[in-house]
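*Asks:* Coordinates in query-v2.pdb, PDB, C-alpha atoms, are listed below.
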```pdb
ATOM      1  CA  MET A 185      35.574 -45.147 -25.444
ATOM      2  CA  GLU A 186      33.033 -42.943 -27.161
ATOM      3  CA  PRO A 187      32.620 -39.408 -25.765
ATOM      4  CA  GLN A 188      29.426 -38.936 -23.772
ATOM      5  CA  LYS A 189      26.691 -36.969 -25.488
ATOM      6  CA  GLN A 190      25.483 -33.919 -23.637
ATOM      7  CA  ALA A 191      21.982 -34.456 -22.261
ATOM      8  CA  ARG A 192      19.364 -31.967 -23.398
ATOM      9  CA  ILE A 193      17.609 -30.202 -20.539
ATOM     10  CA  PRO A 194      13.775 -30.189 -20.815
ATOM     11  CA  GLY A 195      12.682 -26.827 -22.098
ATOM     12  CA  ASP A 196      15.814 -26.246 -24.263
ATOM     13  CA  PRO A 197      15.071 -25.408 -27.911
ATOM     14  CA  VAL A 198      14.914 -28.525 -30.023
ATOM     15  CA  ALA A 199      17.684 -28.656 -32.659
ATOM     16  CA  TRP A 200      15.888 -29.399 -35.913
ATOM     17  CA  PRO A 201      17.790 -31.397 -38.606
ATOM     18  CA  ARG A 202      19.505 -29.093 -41.056
ATOM     19  CA  GLY A 203      20.049 -31.568 -43.868
ATOM     20  CA  PRO A 204      23.243 -32.982 -45.327
ATOM     21  CA  SER A 205      24.908 -29.585 -45.800
ATOM     22  CA  SER A 206      25.056 -28.998 -42.064
ATOM     23  CA  SER A 207      27.119 -32.122 -41.331
ATOM     24  CA  GLN A 208      30.746 -31.302 -40.914
ATOM     25  CA  THR A 209      33.929 -33.270 -40.295
ATOM     26  CA  PRO A 210      36.728 -31.789 -38.186
ATOM     27  CA  ASP A 211      38.574 -30.915 -41.419
ATOM     28  CA  ASP A 212      35.575 -28.958 -42.694
ATOM     29  CA  GLU A 213      35.012 -26.895 -39.527
ATOM     30  CA  GLU A 214      37.313 -24.084 -40.643
ATOM     31  CA  GLY A 215      37.003 -22.481 -44.059
ATOM     32  CA  PRO A 216      39.576 -20.558 -46.038
ATOM     33  CA  GLU A 217      39.090 -17.389 -44.005
ATOM     34  CA  GLY A 218      39.246 -19.245 -40.678
ATOM     35  CA  ASN A 219      35.817 -18.132 -39.432
ATOM     36  CA  THR A 220      33.260 -19.263 -41.999
ATOM     37  CA  ALA A 221      32.156 -22.203 -39.790
ATOM     38  CA  PRO A 222      31.150 -19.957 -36.813
ATOM     39  CA  ALA A 223      29.205 -17.746 -39.184
ATOM     40  CA  ALA A 224      27.365 -20.740 -40.589
ATOM     41  CA  ALA A 225      26.624 -21.972 -37.070
ATOM     42  CA  PHE A 226      25.260 -18.546 -36.162
ATOM     43  CA  LEU A 227      22.980 -18.511 -39.204
ATOM     44  CA  GLY A 228      21.833 -22.039 -38.377
ATOM     45  CA  ALA A 229      21.004 -21.034 -34.807
ATOM     46  CA  GLU A 230      18.971 -18.090 -36.095
ATOM     47  CA  ALA A 231      17.049 -20.425 -38.376
ATOM     48  CA  ASP A 232      16.358 -22.738 -35.440
ATOM     49  CA  ASP A 233      15.081 -19.842 -33.331
ATOM     50  CA  ALA A 234      12.826 -18.676 -36.160
ATOM     51  CA  CYS A 235      11.442 -22.206 -36.511
ATOM     52  CA  ALA A 236      10.764 -22.410 -32.769
ATOM     53  CA  ASP A 237       9.067 -18.998 -32.796
ATOM     54  CA  ALA A 238       6.859 -20.158 -35.646
ATOM     55  CA  LEU A 239       5.747 -23.122 -33.559
ATOM     56  CA  TRP A 240       4.752 -20.859 -30.660
ATOM     57  CA  GLU A 241       2.637 -18.778 -33.024
ATOM     58  CA  LEU A 242       0.538 -21.751 -34.135
ATOM     59  CA  PRO A 243      -3.097 -21.397 -32.946
ATOM     60  CA  VAL A 244      -3.985 -23.593 -29.988
ATOM     61  CA  GLU A 245      -7.557 -24.672 -29.536
ATOM     62  CA  PRO A 246      -8.780 -24.329 -25.927
ATOM     63  CA  ALA A 247      -9.721 -27.568 -24.181
ATOM     64  CA  GLU A 248     -13.442 -28.107 -24.473
ATOM     65  CA  ARG A 249     -15.153 -28.543 -21.115
ATOM     66  CA  ARG A 250     -17.737 -31.246 -20.809
ATOM     67  CA  PRO A 251     -21.303 -29.983 -20.295
ATOM     68  CA  GLU A 252     -22.086 -29.820 -16.588
ATOM     69  CA  CYS A 253     -25.295 -30.500 -14.727
ATOM     70  CA  SER A 254     -26.748 -27.231 -13.464
ATOM     71  CA  ARG A 255     -27.691 -28.753 -10.110
ATOM     72  CA  CYS A 256     -24.850 -31.040  -8.969
ATOM     73  CA  SER A 257     -22.103 -29.364 -11.093
ATOM     74  CA  ARG A 258     -20.902 -32.764 -12.284
ATOM     75  CA  PRO A 259     -20.393 -33.604 -15.975
ATOM     76  CA  GLN A 260     -23.775 -34.546 -17.419
ATOM     77  CA  LYS A 261     -22.650 -38.083 -18.284
ATOM     78  CA  VAL A 262     -21.824 -38.751 -14.615
ATOM     79  CA  CYS A 263     -24.568 -36.642 -13.040
ATOM     80  CA  LEU A 264     -25.266 -37.455  -9.379
ATOM     81  CA  CYS A 265     -28.724 -35.881  -9.188
ATOM     82  CA  PRO A 266     -30.424 -39.304  -8.749
ATOM     83  CA  PHE A 267     -28.660 -39.481  -5.374
ATOM     84  CA  LEU A 268     -29.730 -36.004  -4.252
ATOM     85  CA  PRO A 269     -32.957 -35.374  -2.342
ATOM     86  CA  LEU A 270     -35.925 -34.608  -4.578
ATOM     87  CA  HIS A 271     -36.358 -31.280  -2.768
ATOM     88  CA  PRO A 272     -33.820 -29.310  -0.699
ATOM     89  CA  LEU A 273     -33.718 -30.381   2.929
ATOM     90  CA  HIS A 274     -35.710 -28.265   5.319
ATOM     91  CA  ILE A 275     -33.316 -26.809   7.906
ATOM     92  CA  SER A 276     -33.353 -23.773  10.169
ATOM     93  CA  THR A 277     -29.545 -23.469  10.490
ATOM     94  CA  HIS A 278     -27.652 -21.108   8.188
ATOM     95  CA  LEU A 279     -24.456 -22.607   6.762
ATOM     96  CA  TYR A 280     -21.560 -20.498   5.482
ATOM     97  CA  ILE A 281     -18.802 -22.256   3.536
ATOM     98  CA  ILE A 282     -15.528 -20.302   3.341
ATOM     99  CA  GLN A 283     -13.854 -21.835   0.311
ATOM    100  CA  HIS A 284     -10.182 -21.469  -0.569
ATOM    101  CA  PRO A 285      -9.857 -20.354  -4.229
ATOM    102  CA  ALA A 286      -7.823 -23.485  -5.079
ATOM    103  CA  GLU A 287     -10.835 -25.679  -4.277
ATOM    104  CA  GLU A 288     -13.184 -23.940  -6.712
ATOM    105  CA  ASN A 289     -12.052 -25.791  -9.842
ATOM    106  CA  LYS A 290     -11.213 -29.199  -8.400
ATOM    107  CA  VAL A 291     -13.046 -31.993 -10.175
ATOM    108  CA  LEU A 292     -13.888 -34.087  -7.094
ATOM    109  CA  ARG A 293     -14.931 -31.276  -4.772
ATOM    110  CA  THR A 294     -17.809 -31.930  -2.375
ATOM    111  CA  VAL A 295     -19.224 -28.440  -1.769
ATOM    112  CA  PRO A 296     -21.424 -28.405  -4.933
ATOM    113  CA  LEU A 297     -23.044 -31.659  -3.782
ATOM    114  CA  LEU A 298     -23.636 -30.170  -0.346
ATOM    115  CA  ALA A 299     -25.129 -26.962  -1.745
ATOM    116  CA  ALA A 300     -27.388 -28.950  -4.086
ATOM    117  CA  CYS A 301     -29.015 -30.658  -1.081
ATOM    118  CA  LEU A 302     -29.778 -27.470   0.860
ATOM    119  CA  PRO A 303     -31.975 -24.391   0.281
ATOM    120  CA  GLN A 304     -30.100 -21.546  -1.409
ATOM    121  CA  ASP A 305     -30.940 -19.130   1.375
ATOM    122  CA  LYS A 306     -29.510 -21.538   3.985
ATOM    123  CA  CYS A 307     -26.194 -22.385   2.318
ATOM    124  CA  LYS A 308     -23.847 -19.665   1.112
ATOM    125  CA  VAL A 309     -20.381 -20.223  -0.352
ATOM    126  CA  LYS A 310     -17.843 -17.413  -0.084
ATOM    127  CA  ILE A 311     -14.603 -17.836  -2.012
ATOM    128  CA  GLY A 312     -11.380 -16.168  -0.918
ATOM    129  CA  ARG A 313      -8.397 -16.207   1.403
ATOM    130  CA  ARG A 314      -8.765 -12.886   3.198
ATOM    131  CA  PHE A 315     -11.975 -11.411   4.590
ATOM    132  CA  SER A 316     -12.643  -8.193   6.441
ATOM    133  CA  GLU A 317     -15.524  -5.931   7.369
ATOM    134  CA  GLU A 318     -14.728  -3.700   4.387
ATOM    135  CA  ARG A 319     -14.562  -6.561   1.894
ATOM    136  CA  ASP A 320     -17.552  -8.516   3.181
ATOM    137  CA  PRO A 321     -19.890  -6.618   5.506
ATOM    138  CA  GLU A 322     -22.412  -9.485   5.489
ATOM    139  CA  LEU A 323     -19.870 -12.026   6.732
ATOM    140  CA  SER A 324     -18.574  -9.550   9.283
ATOM    141  CA  THR A 325     -22.081  -9.137  10.690
ATOM    142  CA  VAL A 326     -22.571 -12.903  10.838
ATOM    143  CA  CYS A 327     -19.268 -13.437  12.680
ATOM    144  CA  ARG A 328     -20.181 -10.868  15.319
ATOM    145  CA  LYS A 329     -23.495 -12.501  16.229
ATOM    146  CA  SER A 330     -23.602 -14.418  19.488
ATOM    147  CA  ASP A 331     -25.454 -17.335  17.907
ATOM    148  CA  THR A 332     -22.778 -18.017  15.250
ATOM    149  CA  LEU A 333     -20.329 -20.921  15.499
ATOM    150  CA  ILE A 334     -17.217 -21.774  13.509
ATOM    151  CA  LEU A 335     -16.254 -25.400  13.034
ATOM    152  CA  TYR A 336     -12.486 -25.671  13.382
ATOM    153  CA  PRO A 337     -10.604 -28.154  15.596
ATOM    154  CA  GLY A 338      -8.160 -27.012  18.228
ATOM    155  CA  ALA A 339      -7.369 -26.832  21.926
ATOM    156  CA  GLU A 340      -9.841 -23.984  22.433
ATOM    157  CA  ALA A 341     -12.660 -25.646  20.484
ATOM    158  CA  ALA A 342     -15.655 -26.989  22.423
ATOM    159  CA  ASN A 343     -17.355 -30.226  21.525
ATOM    160  CA  LEU A 344     -20.398 -29.278  19.435
ATOM    161  CA  GLU A 345     -22.809 -31.737  21.039
ATOM    162  CA  GLU A 346     -21.834 -30.700  24.559
ATOM    163  CA  PHE A 347     -21.851 -27.007  23.729
ATOM    164  CA  ILE A 348     -25.443 -26.857  22.500
ATOM    165  CA  LEU A 349     -26.616 -28.562  25.713
ATOM    166  CA  ASP A 350     -25.142 -25.842  27.929
ATOM    167  CA  SER A 351     -25.385 -22.788  25.693
ATOM    168  CA  PRO A 352     -28.040 -20.252  26.745
ATOM    169  CA  ILE A 353     -28.354 -19.138  23.102
ATOM    170  CA  TYR A 354     -29.049 -21.861  20.579
ATOM    171  CA  PRO A 355     -26.814 -21.495  17.488
ATOM    172  CA  SER A 356     -28.485 -20.368  14.272
ATOM    173  CA  THR A 357     -25.407 -20.189  12.019
ATOM    174  CA  ILE A 358     -22.290 -22.301  11.522
ATOM    175  CA  ILE A 359     -19.206 -21.488   9.458
ATOM    176  CA  ILE A 360     -17.040 -24.204   7.856
ATOM    177  CA  ILE A 361     -13.745 -23.661   6.011
ATOM    178  CA  ASP A 362     -13.278 -25.631   2.783
ATOM    179  CA  GLY A 363      -9.728 -26.423   1.664
ATOM    180  CA  THR A 364      -6.751 -28.591   2.486
ATOM    181  CA  TRP A 365      -5.710 -28.592   6.123
ATOM    182  CA  SER A 366      -2.881 -26.146   5.468
ATOM    183  CA  GLN A 367      -5.218 -23.870   3.487
ATOM    184  CA  ALA A 368      -7.884 -24.003   6.210
ATOM    185  CA  LYS A 369      -5.291 -23.196   8.861
ATOM    186  CA  ASP A 370      -4.079 -20.218   6.859
ATOM    187  CA  ILE A 371      -7.622 -18.881   6.441
ATOM    188  CA  PHE A 372      -8.572 -19.387  10.093
ATOM    189  CA  TYR A 373      -5.511 -17.795  11.685
ATOM    190  CA  LYS A 374      -5.010 -14.936   9.209
ATOM    191  CA  ASN A 375      -8.583 -13.646   9.374
ATOM    192  CA  SER A 376      -9.452 -12.082  12.708
ATOM    193  CA  LEU A 377     -13.169 -12.278  11.835
ATOM    194  CA  PHE A 378     -13.130 -16.052  12.211
ATOM    195  CA  ARG A 379     -11.971 -15.912  15.803
ATOM    196  CA  LEU A 380     -15.031 -13.901  16.843
ATOM    197  CA  PRO A 381     -17.578 -16.774  16.734
ATOM    198  CA  LYS A 382     -17.492 -19.608  19.254
ATOM    199  CA  GLN A 383     -15.054 -22.271  18.035
ATOM    200  CA  VAL A 384     -16.409 -25.832  18.048
ATOM    201  CA  GLN A 385     -15.307 -29.229  16.794
ATOM    202  CA  LEU A 386     -16.785 -32.657  16.137
ATOM    203  CA  LYS A 387     -15.999 -35.482  18.503
ATOM    204  CA  THR A 388     -16.081 -38.558  16.337
ATOM    205  CA  SER A 389     -14.081 -41.723  15.784
ATOM    206  CA  VAL A 390     -15.698 -42.403  12.398
ATOM    207  CA  SER A 391     -13.317 -42.560   9.435
ATOM    208  CA  SER A 392     -14.015 -40.487   6.347
ATOM    209  CA  GLN A 393     -16.056 -42.019   3.548
ATOM    210  CA  TYR A 394     -14.325 -39.730   1.071
ATOM    211  CA  VAL A 395     -11.855 -42.490   0.268
ATOM    212  CA  ILE A 396     -10.694 -41.165  -3.125
ATOM    213  CA  ARG A 397      -8.716 -38.311  -1.554
ATOM    214  CA  THR A 398      -5.879 -38.650   0.929
ATOM    215  CA  GLN A 399      -6.523 -37.262   4.410
ATOM    216  CA  PRO A 400      -3.821 -36.402   6.991
ATOM    217  CA  THR A 401      -5.307 -38.641   9.693
ATOM    218  CA  ASN A 402      -8.023 -41.261  10.038
ATOM    219  CA  ARG A 403     -10.216 -38.741  11.889
ATOM    220  CA  CYS A 404     -10.175 -36.051   9.175
ATOM    221  CA  LEU A 405     -13.448 -35.542   7.324
ATOM    222  CA  SER A 406     -14.332 -33.817   4.065
ATOM    223  CA  THR A 407     -16.227 -30.527   4.090
ATOM    224  CA  LEU A 408     -19.459 -32.280   3.134
ATOM    225  CA  GLU A 409     -19.043 -34.832   5.941
ATOM    226  CA  CYS A 410     -18.354 -32.098   8.495
ATOM    227  CA  ALA A 411     -21.425 -30.168   7.395
ATOM    228  CA  ALA A 412     -23.556 -33.319   7.450
ATOM    229  CA  ALA A 413     -22.502 -34.191  10.998
ATOM    230  CA  ALA A 414     -22.821 -30.621  12.293
ATOM    231  CA  LEU A 415     -26.241 -30.003  10.749
ATOM    232  CA  SER A 416     -27.612 -33.305  12.008
ATOM    233  CA  ILE A 417     -26.512 -32.323  15.534
ATOM    234  CA  LEU A 418     -27.854 -28.756  15.358
ATOM    235  CA  GLU A 419     -31.124 -29.840  13.728
ATOM    236  CA  LYS A 420     -31.369 -32.953  15.939
ATOM    237  CA  ASN A 421     -32.138 -35.039  12.875
ATOM    238  CA  ASP A 422     -29.972 -38.011  11.809
ATOM    239  CA  TYR A 423     -31.792 -38.195   8.471
ATOM    240  CA  ILE A 424     -29.962 -35.042   7.385
ATOM    241  CA  GLN A 425     -26.579 -36.727   7.700
ATOM    242  CA  GLU A 426     -27.755 -39.836   5.850
ATOM    243  CA  THR A 427     -29.157 -37.743   3.001
ATOM    244  CA  LEU A 428     -26.093 -35.532   2.625
ATOM    245  CA  LEU A 429     -23.700 -38.494   2.590
ATOM    246  CA  ARG A 430     -25.588 -40.341  -0.155
ATOM    247  CA  PRO A 431     -24.171 -38.364  -3.138
ATOM    248  CA  LEU A 432     -20.667 -38.537  -1.662
ATOM    249  CA  GLN A 433     -20.922 -42.316  -1.403
ATOM    250  CA  ALA A 434     -22.161 -42.475  -4.998
ATOM    251  CA  LEU A 435     -19.293 -40.260  -6.194
ATOM    252  CA  CYS A 436     -16.658 -42.439  -4.526
ATOM    253  CA  SER A 437     -18.298 -45.649  -5.738
ATOM    254  CA  PHE A 438     -18.355 -44.405  -9.334
ATOM    255  CA  GLN A 439     -14.715 -43.286  -9.240
ATOM    256  CA  LEU A 440     -13.566 -46.605  -7.770
ATOM    257  CA  GLN A 441     -15.452 -48.512 -10.470
ATOM    258  CA  HIS A 442     -13.609 -46.507 -13.121
ATOM    259  CA  GLY A 443     -10.015 -46.883 -12.002
ATOM    260  CA  ALA A 444      -9.637 -44.751  -8.892
ATOM    261  CA  GLN A 445      -7.969 -46.315  -5.864
ATOM    262  CA  ILE A 446      -8.806 -46.088  -2.180
ATOM    263  CA  ARG A 447      -6.558 -43.455  -0.611
ATOM    264  CA  LEU A 448      -5.408 -44.334   2.881
ATOM    265  CA  SER A 449      -4.592 -41.517   5.297
ATOM    266  CA  LYS A 450      -1.011 -40.386   5.801
ATOM    267  CA  GLU A 451      -1.354 -41.485   9.418
ATOM    268  CA  HIS A 452      -2.213 -45.056   8.347
ATOM    269  CA  LEU A 453       0.592 -45.175   5.764
ATOM    270  CA  LEU A 454       3.213 -43.932   8.228
ATOM    271  CA  LYS A 455       2.159 -46.270  11.034
ATOM    272  CA  ASN A 456       2.269 -49.298   8.749
ATOM    273  CA  GLY A 457       5.500 -48.436   6.943
ATOM    274  CA  LEU A 458       3.678 -47.836   3.639
ATOM    275  CA  TYR A 459       4.418 -44.161   3.121
ATOM    276  CA  PRO A 460       5.811 -43.991  -0.453
ATOM    277  CA  LYS A 461       7.876 -40.814  -0.091
ATOM    278  CA  PRO A 462      11.125 -40.222   1.829
ATOM    279  CA  MET A 463      10.780 -38.481   5.172
ATOM    280  CA  PRO A 464      11.186 -34.704   4.850
ATOM    281  CA  LYS A 465      14.455 -33.066   5.899
ATOM    282  CA  ASN A 466      12.699 -29.907   7.054
ATOM    283  CA  LYS A 467      12.436 -30.105  10.852
ATOM    284  CA  ARG A 468       8.941 -28.613  11.024
ATOM    285  CA  LYS A 469       7.571 -31.029   8.410
ATOM    286  CA  LEU A 470       9.401 -33.932  10.042
ATOM    287  CA  ARG A 471       7.818 -33.038  13.390
ATOM    288  CA  LYS A 472       4.364 -33.131  11.752
ATOM    289  CA  MET A 473       5.096 -36.587  10.395
ATOM    290  CA  GLU A 474       6.151 -37.777  13.850
ATOM    291  CA  LEU A 475       2.952 -36.402  15.354
ATOM    292  CA  LEU A 476       0.907 -38.266  12.749
ATOM    293  CA  MET A 477       2.699 -41.498  13.560
ATOM    294  CA  ASN A 478       1.918 -40.986  17.248
ATOM    295  CA  SER A 479      -1.720 -39.997  16.568
ATOM    296  CA  VAL A 480      -1.306 -36.555  18.087
ATOM    297  CA  LYS A 481      -3.548 -33.795  16.738
ATOM    298  CA  ILE A 482      -1.713 -31.069  14.860
TER     299      ILE A 482
END
```
I'd like the structure from this file rewritten - as structure tokens, please.
*Replies:*
Amino acid sequence: MEPQKQARIPGDPVAWPRGPSSSQTPDDEEGPEGNTAPAAAFLGAEADDACADALWELPVEPAERRPECSRCSRPQKVCLCPFLPLHPLHISTHLYIIQHPAEENKVLRTVPLLAACLPQDKCKVKIGRRFSEERDPELSTVCRKSDTLILYPGAEAANLEEFILDSPIYPSTIIIIDGTWSQAKDIFYKNSLFRLPKQVQLKTSVSSQYVIRTQPTNRCLSTLECAAAALSILEKNDYIQETLLRPLQALCSFQLQHGAQIRLSKEHLLKNGLYPKPMPKNKRKLRKMELLMNSVKI
């Protein structure tokens, strides 16, 4: 039986061929002095290290970014401006998007499409994870106003449509957090400013049209879809939602035509036995999975 060769771990230095002189038989391993072979091996290892260092010093050209459209922030070859309104929508509501830093450079993000449809003075994007009165006095002032809402689901959140019917002060500003659900949760609960406005949520059974990204449940919507629904309710104008969804539909259609696949929600995959990964061993994560399977909000 041949002895097993030791597997090389990824990241280990690659042993470059040393030529015929480096090949040794067991009889050749020890020279006349008894230690010439270890010395040769040491010199060979030094040569290998020097070769590897030389590779690291080779100049690396930075990846060239494709030219982007100044309005929709998409690559110019796949610009979505034909699906945007000719002029920014006329709205009276101020929209603040609190964006997690990880979302800023994602290719298929929806916030640039949303901002391209709205007046610049009505839609402001603030990037970060932690906000305070010292760091952002403007946002602090907005959060303290009685006519500001924050869109975040939860047991204490009021239904937006019902709230505006009974509220003595009609909302003028709404805040939406942009990020994954875990990122949004982290931002909401670790920033006391965001618990000052009235917390509201959308009551909808409509599934997300953002089908090229996986959502936790069938009821989860993208940031653009949340903004579209909320603004159409606050402005009492269904045309706003239709207009804002148009570029998102075009984005998904284009991606699907060029190899992307429809991403079903984790809830759907779990309920139908299609979830491709093993169930987590962590009790907290396992409990979340069980809640998804039972359609319980988390």
*Asks:* So which one's closest to A:Leu448, A:Leu435, A:Cys404, A:Cys307, A:Leu429? Using only C-alpha atoms, please.
*Replies:* A:Cys404
*Asks:* Please, what distance in Å, to one decimal, runs between atom CA of A:Pro303 and atom CA of A:Ser392?
*Replies:*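 Going from atom CA of A:Pro303 over to atom CA of A:Ser392, I get 24.9 Å.
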*Asks:* Pick the closest to A:Leu297 from A:Lys369, A:Arg258, A:Lys455, A:His271: which is it, counting all atoms listed in the file?
*Replies:*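 Going through A:Lys369, A:Arg258, A:Lys455, A:His271 one by one, the smallest distance to A:Leu297 is for A:Arg258.
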*Asks:* Quick one: of A:Ala339, A:Ile361, A:Ala300, A:Leu268, who's nearest to A:His284, counting all atoms listed in the file?
*Replies:* A:Ile361
*Asks:* Can you list what the PyMOL selection byres ((chain A and resi 405-410) around 8) grabs from this structure, as a list in words?
*Replies:*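 Listing what the PyMOL selection byres ((chain A and resi 405-410) around 8) selects in the shown file: Thr294, Val295, Leu297, Leu298, Ile360, Ile361, Asp362, Leu386, Ser391, Ser392, Gln393, Tyr394, Gln399, Arg403, Cys404, Ala411, Ala412, Ala413, Ala414, Gln425, Leu428, Leu429 and Leu432 of chain A.
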*Asks:* Restricting it to C-alpha atoms, dump the selection as a tab-separated table (two decimals), in the frame of the given file.
*Replies:*
```tsv
chain	number	residue	atom	x	y	z
A	294	THR	CA	-17.81	-31.93	-2.38
A	295	VAL	CA	-19.22	-28.44	-1.77
A	297	LEU	CA	-23.04	-31.66	-3.78
A	298	LEU	CA	-23.64	-30.17	-0.35
A	360	ILE	CA	-17.04	-24.20	7.86
A	361	ILE	CA	-13.74	-23.66	6.01
A	362	ASP	CA	-13.28	-25.63	2.78
A	386	LEU	CA	-16.78	-32.66	16.14
A	391	SER	CA	-13.32	-42.56	9.44
A	392	SER	CA	-14.02	-40.49	6.35
A	393	GLN	CA	-16.06	-42.02	3.55
A	394	TYR	CA	-14.32	-39.73	1.07
A	399	GLN	CA	-6.52	-37.26	4.41
A	403	ARG	CA	-10.22	-38.74	11.89
A	404	CYS	CA	-10.18	-36.05	9.18
A	411	ALA	CA	-21.42	-30.17	7.40
A	412	ALA	CA	-23.56	-33.32	7.45
A	413	ALA	CA	-22.50	-34.19	11.00
A	414	ALA	CA	-22.82	-30.62	12.29
A	425	GLN	CA	-26.58	-36.73	7.70
A	428	LEU	CA	-26.09	-35.53	2.62
A	429	LEU	CA	-23.70	-38.49	2.59
A	432	LEU	CA	-20.67	-38.54	-1.66
```
*Asks:* Considering only C-alpha atoms, can you say which of A:Ile359, A:Pro321, A:Lys461, A:Gln304 comes closest to A:Ile275?
*Replies:*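 Residue with the minimum atom-to-atom distance to A:Ile275: A:Gln304.
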*Asks:* Interatomic distance between atom CA of A:Arg313 and atom CA of A:Ile371?
*Replies:*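 Between atom CA of A:Arg313 and atom CA of A:Ile371 the gap is 5.8 Å.
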*Asks:* Determine the nearest neighbour of A:Leu440 from the options A:Val395, A:Ile348, A:Val390, A:Cys256, counting all atoms listed in the file.
*Replies:*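 For A:Leu440, the nearest of the given residues is A:Val395.
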*Asks:* Given the PyMOL selection byres ((chain A and resi 277) around 8) and the file above, list the residues it selects as a list of chain:residue names.
*Replies:*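 Against this file, the PyMOL selection byres ((chain A and resi 277) around 8) returns the residues A:Ile275, A:Ser276, A:His278, A:Leu279, A:Lys306, A:Pro355, A:Ser356, A:Thr357, A:Ile358, A:Leu415, A:Leu418, A:Glu419.
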*Asks:* Can you spit out the residues from that selection as a PDB file, in the coordinates of the input, using C-alpha atoms?
*Replies:*
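Contents of the output file again.pdb:
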```
ATOM      1  CA  ILE A 275     -33.316 -26.809   7.906  1.00  0.00           C
ATOM      2  CA  SER A 276     -33.353 -23.773  10.169  1.00  0.00           C
ATOM      3  CA  HIS A 278     -27.652 -21.108   8.188  1.00  0.00           C
ATOM      4  CA  LEU A 279     -24.456 -22.607   6.762  1.00  0.00           C
ATOM      5  CA  LYS A 306     -29.510 -21.538   3.985  1.00  0.00           C
ATOM      6  CA  PRO A 355     -26.814 -21.495  17.488  1.00  0.00           C
ATOM      7  CA  SER A 356     -28.485 -20.368  14.272  1.00  0.00           C
ATOM      8  CA  THR A 357     -25.407 -20.189  12.019  1.00  0.00           C
ATOM      9  CA  ILE A 358     -22.290 -22.301  11.522  1.00  0.00           C
ATOM     10  CA  LEU A 415     -26.241 -30.003  10.749  1.00  0.00           C
ATOM     11  CA  LEU A 418     -27.854 -28.756  15.358  1.00  0.00           C
ATOM     12  CA  GLU A 419     -31.124 -29.840  13.728  1.00  0.00           C
TER      13      GLU A 419
END
```
